[in-house]
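Asks: I have a structure here, written as structure tokens, and I will follow up with some questions on it.
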Amino acid sequence: MNPSGADEFLINEIVKGDQSAWRQLIERYSGRLLAFARARTQSLSDAEDLVQECFVGFLQSLTHYDTSRSLETYLFTILRYKLYDSLRQKKGNVISEPDESADWWDHVLPQSSETPSGIAAKVEATKQQERLLADILRQLIRDLRDRDAFTDLQTIELIFFAGKRNLDVAELLDIDQKAVAGIKFRAIQKLQKFIVDQAPAALACLDEKNADVTTARVWREHRLTCLKRSTLGSHLLDVLDEPWKGYTQFHLDVVGCPMCLANLNDLESEQDTAGAADTGRYFESSVGFLSRTK
């Protein structure tokens, strides 16, 4: 069973009140969520508390969960809101502007009026537009991979996914700034062609300032270039061949994708016995909310 199929099966069983399925979901995701939280909190206990709140929040919002979205992304989104709320409370409801050294993921702060369930409950038209744009971006990414145009892929990933400026991209990839501008121009042209041919209504998405659905947000939320756990496992074993070896290192070290880094840290510590104890704690503290999902 593929990962998305396994997630769908678990969710269906959880909705029925199956405690075994809920424990399996916790075991499946607690490690990577904890790794993500630990990198952004001052102590292990703070991170564990946030992951616990994340699982409870997931159960509370389960009736609004859109099964077309990645479960992993949804859980990370909830955790990120919990982290944001925790930071706001510690700073007396005042959030300062993030400095340039902060993780790019944390630059994208949610609006105070938003909630995880609110995100999942957007109007169908918006969700449809997101799906269309995600499919079109996948076509662009697949085309670049099939042609082994990894420099082009790295360039547009830094621009669209990580929000880097052309000058920053040129320095990070050690290429000419004009070359970066050319790659970006060709990518936008190709995206425009795909959109016009397949979904003209989504053309406004390329206007990052005025569109409700943007390339950057769709790229992040659908994790279009995130690495599979099997790829990360092969990376740990140092058995990846080029160009995937170089691209994997780029995605982790240059892009600094927080979710892939969390997955990598989880794999590195998978044999840690503390993880099993955490799973039991998360299960015991959240299972009481399970019956309310019916």
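Going through the structure tokens in order, the chains are called A, B, and so on, while each chain numbers its residues from 1 and the ligands are numbered from 1 in the order shown.
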Within 10 Å of Arg138 of chain A, counting only C-alpha atoms, which residues qualify if same-chain residues fewer than 6 places away don't, as a PyMOL selection string?

Replies: chain A and resi 132+144+219+222+224-225

Asks: Any idea what's packed within 10 Å of segment 4-17 of chain A, counting only C-alpha atoms, ignoring anything in its chain fewer than 4 positions away? Could you give it as a list of chain:residue names?

Replies: A:Ala21, A:Trp22, A:Arg23, A:Gln24, A:Leu25, A:Arg28, A:Leu59, A:Leu62, A:Thr63, A:Tyr65, A:Thr67, A:Ser68, A:Arg69, A:Ser70, A:Leu71, A:Glu72, A:Val287, A:Phe289, A:Leu290, A:Ser291, A:Arg292, A:Thr293, A:Lys294

Asks: Between A:Leu236, A:Cys260, A:Val254, A:Val218, which is the closest to Leu137 of chain A once you count only C-alpha atoms?

Replies: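 Smallest distance to Leu137 of chain A is found for A:Val218.
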
Asks: In terms of the shortest atom-to-atom distance over only C-alpha atoms, which of A:Gly288, A:Asp241, A:Lys82, A:Thr151 is closest to Asp176 of chain A?

Replies: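 Residue with the minimum atom-to-atom distance to Asp176 of chain A: A:Thr151.
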
Asks: For Ser230 of chain A, which residue among A:Ala37, A:Cys257, A:Leu203, A:Leu264 is the nearest when counting only C-alpha atoms?

Replies: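 Closest candidate: A:Leu264.
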
Asks: As a count of residues only, please: the residues near Ala179 of chain A (cut-off 10 Å, only C-alpha atoms, same-chain neighbours under 4 positions excluded).

Replies: 8

Asks: Report the distance between atom CA of Ala262 of chain A and atom CA of Leu33 of chain A in Å, rounded to one decimal place.

Replies: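 A separation of 7.0 Å between them.
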
Asks: Considering only C-alpha atoms, return as a list in words whatever protein or nucleic-acid residues lie within 12 Å of Gln198 of chain A, sequence-local ones (same chain, fewer than 6 positions apart) excluded.

Replies: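 My reading of the contact set: Gln129, Leu132, Leu133, Asp135, Ile136, Gln139, Leu191 and Gln192 of chain A.
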
Asks: Could you write out that same residue set with C-alpha atoms as a tab-separated table (two decimals), in the first residue's frame?

Replies:
```tsv
chain	number	residue	atom	x	y	z
A	129	GLN	CA	-7.60	26.04	-8.12
A	132	LEU	CA	-4.95	22.55	-10.74
A	133	LEU	CA	-1.91	24.68	-10.01
A	135	ASP	CA	-0.75	19.49	-11.09
A	136	ILE	CA	0.68	22.07	-13.48
A	139	GLN	CA	4.37	18.87	-14.93
A	191	LEU	CA	3.82	27.65	-16.57
A	192	GLN	CA	1.72	30.23	-18.39
```

Asks: Of the residues A:Phe76, A:Arg147, A:Ser269, A:Asp18, which is the one nearest to Phe36 of chain A, using only C-alpha atoms?

Replies: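 Of A:Phe76, A:Arg147, A:Ser269, A:Asp18, the one nearest Phe36 of chain A is A:Phe76, counting only C-alpha atoms.
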